[in-house]
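Here is the structure we will look at, set down as structure tokens.
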Amino acid sequence: MKMLKLWFAFSGLLLLTCQCSAQGPAPAPAPAEEYLGAHNQARGEVGVGPLRWSAALEKSASLTARLQRDKQNCSFADLSKSRYGGNQLWAGGVAVTPRLVVEAWVEEKKYYDYADNSCAPDHRCGVYTQVVWRKSAELGCAQAACAKEKATLTICLYNPPGNIVGEKPY
């Protein structure tokens, strides 16, 4: 079993780490169904309807991921000015599957307290709450392989965006 170091962010404002395991090298990015399936599984667990795939969001995520790879040394994109919600994950060592990316974001669920709509002290929950945000209806994701850094940058965009201050995700 190979350990991967994953860094993830939402809206380019938050940076967290997660130690996740993977069995050998990951295959090339799977089709949209793998991103959708992992998102919709997490959403179904909390009673939120499924997302639909958006080719426009996928194109925007792809352009952003490639720009970050080609011009920004594979760093996180600043999504704070985007009209979409966004989650990002940087994985060093090997490429990761779309399912593994989403599962890393959903790991934050254990720190989220629905009753008071907050996260446990010293933890963040924003990437998880974006995944399950009830008002988000569309999803588009893309990955960029960063050969120099031996890493993968994944970006998912959500329309409409989530994580509205004062609102619960579901």
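Just remember, in the structure tokens the first chain shown is A, the second B, etc., residues are 1-based per chain, and ligands are 1-based in the order shown.
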
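Omitting Leu63 of chain A and its sequence neighbours fewer than 5 positions away, and counting only C-alpha atoms, the residues within 12 Å are Ala56, Leu57, Glu58, Gln68, Arg69, Asp70, Lys71, Ala77, Gly140, Cys141, Ala142, Gln143, Ala144, Thr154, Ile155, Cys156 and Leu157 of chain A.
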
Backbone-only DSSP, strand (DSSP E) members of segment 104-161 of chain A, as number ranges by chain: A: 112-113, 118-119, 138-146, 151-159

Store the residues picked out above, limited to all heavy atoms, as a short mmCIF file (atom, residue, chain, number, x, y, z; two decimals), in the first residue's frame.
data_model
loop_
_atom_site.label_atom_id
_atom_site.label_comp_id
_atom_site.auth_asym_id
_atom_site.auth_seq_id
_atom_site.Cartn_x
_atom_site.Cartn_y
_atom_site.Cartn_z
N TYR A 112 -17.76 17.81 10.85
CA TYR A 112 -18.89 18.72 10.67
C TYR A 112 -20.01 18.41 11.65
O TYR A 112 -20.43 17.27 11.79
CB TYR A 112 -19.43 18.64 9.23
CG TYR A 112 -20.60 19.55 9.00
CD1 TYR A 112 -20.44 20.93 9.05
CD2 TYR A 112 -21.86 19.04 8.76
CE1 TYR A 112 -21.51 21.78 8.87
CE2 TYR A 112 -22.94 19.88 8.57
CZ TYR A 112 -22.77 21.24 8.63
OH TYR A 112 -23.84 22.08 8.45
N ASP A 113 -20.50 19.43 12.34
CA ASP A 113 -21.62 19.32 13.28
C ASP A 113 -22.83 20.01 12.66
O ASP A 113 -22.89 21.25 12.62
CB ASP A 113 -21.26 19.95 14.62
CG ASP A 113 -22.38 19.83 15.65
OD1 ASP A 113 -23.51 19.43 15.31
OD2 ASP A 113 -22.10 20.16 16.82
N SER A 118 -21.27 23.88 12.20
CA SER A 118 -19.89 24.29 12.46
C SER A 118 -18.95 23.10 12.34
O SER A 118 -19.39 21.95 12.24
CB SER A 118 -19.77 24.88 13.87
OG SER A 118 -20.00 23.88 14.84
N CYS A 119 -17.67 23.40 12.36
CA CYS A 119 -16.64 22.37 12.33
C CYS A 119 -16.01 22.24 13.71
O CYS A 119 -16.00 23.19 14.48
CB CYS A 119 -15.55 22.74 11.33
SG CYS A 119 -16.14 22.70 9.64
N GLU A 138 -25.16 21.62 -10.51
CA GLU A 138 -24.28 21.20 -11.59
C GLU A 138 -22.85 21.05 -11.11
O GLU A 138 -22.41 21.77 -10.21
CB GLU A 138 -24.29 22.23 -12.72
CG GLU A 138 -25.64 22.41 -13.38
CD GLU A 138 -25.57 23.46 -14.47
OE1 GLU A 138 -25.10 24.59 -14.20
OE2 GLU A 138 -25.96 23.13 -15.60
N LEU A 139 -22.13 20.16 -11.77
CA LEU A 139 -20.75 19.83 -11.43
C LEU A 139 -19.93 19.69 -12.70
O LEU A 139 -20.41 19.14 -13.69
CB LEU A 139 -20.72 18.51 -10.66
CG LEU A 139 -19.36 17.88 -10.38
CD1 LEU A 139 -18.60 18.71 -9.35
CD2 LEU A 139 -19.52 16.45 -9.89
N GLY A 140 -18.71 20.16 -12.65
CA GLY A 140 -17.74 19.93 -13.72
C GLY A 140 -16.36 19.85 -13.10
O GLY A 140 -16.01 20.68 -12.26
N CYS A 141 -15.58 18.85 -13.47
CA CYS A 141 -14.26 18.62 -12.85
C CYS A 141 -13.22 18.34 -13.92
O CYS A 141 -13.55 17.88 -15.02
CB CYS A 141 -14.32 17.41 -11.92
SG CYS A 141 -15.56 17.51 -10.61
N ALA A 142 -11.96 18.57 -13.54
CA ALA A 142 -10.85 18.26 -14.43
C ALA A 142 -9.59 18.03 -13.60
O ALA A 142 -9.49 18.53 -12.49
CB ALA A 142 -10.63 19.39 -15.43
N GLN A 143 -8.65 17.30 -14.19
CA GLN A 143 -7.36 17.06 -13.56
C GLN A 143 -6.25 17.49 -14.52
O GLN A 143 -6.41 17.40 -15.74
CB GLN A 143 -7.15 15.57 -13.24
CG GLN A 143 -7.97 15.05 -12.11
CD GLN A 143 -7.62 13.60 -11.78
OE1 GLN A 143 -7.20 12.83 -12.64
NE2 GLN A 143 -7.79 13.25 -10.52
N ALA A 144 -5.15 17.91 -13.92
CA ALA A 144 -3.95 18.20 -14.70
C ALA A 144 -2.80 17.44 -14.06
O ALA A 144 -2.61 17.51 -12.84
CB ALA A 144 -3.66 19.70 -14.70
N ALA A 145 -2.06 16.70 -14.86
CA ALA A 145 -0.87 16.01 -14.38
C ALA A 145 0.30 16.98 -14.41
O ALA A 145 0.55 17.62 -15.43
CB ALA A 145 -0.57 14.80 -15.26
N CYS A 146 0.98 17.09 -13.30
CA CYS A 146 2.09 18.03 -13.15
C CYS A 146 3.38 17.22 -13.12
O CYS A 146 3.83 16.80 -12.04
CB CYS A 146 1.91 18.84 -11.87
SG CYS A 146 0.28 19.62 -11.78
N ALA A 151 2.91 15.29 -9.58
CA ALA A 151 1.68 15.51 -8.83
C ALA A 151 0.50 15.61 -9.78
O ALA A 151 0.66 15.66 -11.00
CB ALA A 151 1.81 16.81 -8.02
N THR A 152 -0.67 15.64 -9.18
CA THR A 152 -1.92 15.83 -9.92
C THR A 152 -2.71 16.93 -9.23
O THR A 152 -2.85 16.93 -8.00
CB THR A 152 -2.75 14.54 -9.93
OG1 THR A 152 -1.98 13.50 -10.52
CG2 THR A 152 -4.03 14.71 -10.72
N LEU A 153 -3.23 17.86 -10.01
CA LEU A 153 -4.11 18.90 -9.50
C LEU A 153 -5.51 18.63 -10.02
O LEU A 153 -5.70 18.50 -11.23
CB LEU A 153 -3.64 20.28 -9.94
CG LEU A 153 -4.52 21.46 -9.54
CD1 LEU A 153 -4.55 21.61 -8.01
CD2 LEU A 153 -4.02 22.75 -10.19
N THR A 154 -6.48 18.50 -9.12
CA THR A 154 -7.88 18.28 -9.50
C THR A 154 -8.69 19.48 -9.06
O THR A 154 -8.54 19.97 -7.94
CB THR A 154 -8.45 17.03 -8.82
OG1 THR A 154 -7.63 15.91 -9.15
CG2 THR A 154 -9.88 16.76 -9.28
N ILE A 155 -9.56 19.95 -9.94
CA ILE A 155 -10.46 21.05 -9.65
C ILE A 155 -11.87 20.63 -10.02
O ILE A 155 -12.11 20.14 -11.12
CB ILE A 155 -10.07 22.32 -10.42
CG1 ILE A 155 -8.67 22.78 -10.01
CG2 ILE A 155 -11.11 23.43 -10.22
CD1 ILE A 155 -8.13 23.96 -10.80
N CYS A 156 -12.81 20.82 -9.08
CA CYS A 156 -14.24 20.64 -9.36
C CYS A 156 -14.93 21.97 -9.12
O CYS A 156 -14.67 22.65 -8.13
CB CYS A 156 -14.86 19.57 -8.45
SG CYS A 156 -14.42 17.88 -8.89
N LEU A 157 -15.82 22.32 -10.04
CA LEU A 157 -16.61 23.55 -9.93
C LEU A 157 -18.08 23.19 -9.76
O LEU A 157 -18.55 22.18 -10.32
CB LEU A 157 -16.42 24.42 -11.17
CG LEU A 157 -14.98 24.89 -11.42
CD1 LEU A 157 -14.90 25.68 -12.73
CD2 LEU A 157 -14.46 25.72 -10.26
N TYR A 158 -18.80 24.03 -9.00
CA TYR A 158 -20.20 23.77 -8.63
C TYR A 158 -21.04 25.00 -8.97
O TYR A 158 -20.64 26.13 -8.69
CB TYR A 158 -20.31 23.50 -7.12
CG TYR A 158 -19.43 22.38 -6.64
CD1 TYR A 158 -18.08 22.59 -6.38
CD2 TYR A 158 -19.94 21.09 -6.47
CE1 TYR A 158 -17.27 21.57 -5.94
CE2 TYR A 158 -19.12 20.06 -6.02
CZ TYR A 158 -17.79 20.31 -5.77
OH TYR A 158 -16.98 19.28 -5.34
N ASN A 159 -22.23 24.76 -9.53
CA ASN A 159 -23.15 25.83 -9.85
C ASN A 159 -24.55 25.47 -9.38
O ASN A 159 -25.02 24.39 -9.72
CB ASN A 159 -23.15 26.09 -11.36
CG ASN A 159 -23.94 27.31 -11.74
OD1 ASN A 159 -23.95 28.30 -11.03
ND2 ASN A 159 -24.62 27.23 -12.87
#

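For Glu107 of chain A, the list of residues within 10 Å, based on only C-alpha atoms and with local chain neighbours fewer than 2 positions off taken out, reads A:Cys18, A:Cys20, A:Val102, A:Glu103, A:Ala104, A:Trp105, A:Lys109, A:Lys110, A:Tyr111, A:Tyr112, A:Cys125, A:Val127, A:Tyr128.
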
List every residue of segment 67-138 of chain A that has an atom at most 10 Å from any atom of segment 35-54 of chain A, giving for each one its closest atom pair and the distance in Å to one decimal, counting only C-alpha atoms, sorted by chain and then by ascending residue number, as CSV.
residue,atom,partner,partner_atom,distance
A:Thr97,CA,A:Tyr35,CA,8.9
A:Pro98,CA,A:Tyr35,CA,5.3
A:Arg99,CA,A:Ala38,CA,5.5
A:Leu100,CA,A:Ala38,CA,8.6
A:Val101,CA,A:Tyr35,CA,8.6
A:Val102,CA,A:Ala38,CA,6.2
A:Glu103,CA,A:Ala38,CA,7.2
A:Trp105,CA,A:His39,CA,9.7
A:Val106,CA,A:Ala42,CA,7.2
A:Lys109,CA,A:Ala42,CA,9.6
A:Tyr128,CA,A:Ala42,CA,9.1
A:Thr129,CA,A:Arg43,CA,9.8
A:Gln130,CA,A:His39,CA,10.0
A:Val131,CA,A:His39,CA,6.2
A:Val132,CA,A:Arg43,CA,4.9
A:Trp133,CA,A:Val48,CA,7.8
A:Arg134,CA,A:Val48,CA,5.6
A:Lys135,CA,A:Val48,CA,8.9
A:Ser136,CA,A:Leu51,CA,7.2
A:Ala137,CA,A:Leu51,CA,4.9
A:Glu138,CA,A:Arg52,CA,4.8

Distance of atom CA of Asn117 of chain A from atom CA of Glu167 of chain A, expressed in Å to one decimal place: 8.0 Å

DSSP alpha helix (DSSP H) selection over chain A, as a PyMOL selection string: chain A and resi 32-45+55-71+98-106+126-131

Option closest in space to Lys148 of chain A, from A:His123, A:Asn73, A:Val94, A:Gln88 [counting only C-alpha atoms]: A:Asn73

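Taking only C-alpha atoms into account, Tyr170 of chain A lies nearest to A:Ala115 out of the set A:Ala115, A:Ser62, A:Ala147, A:Asp78.
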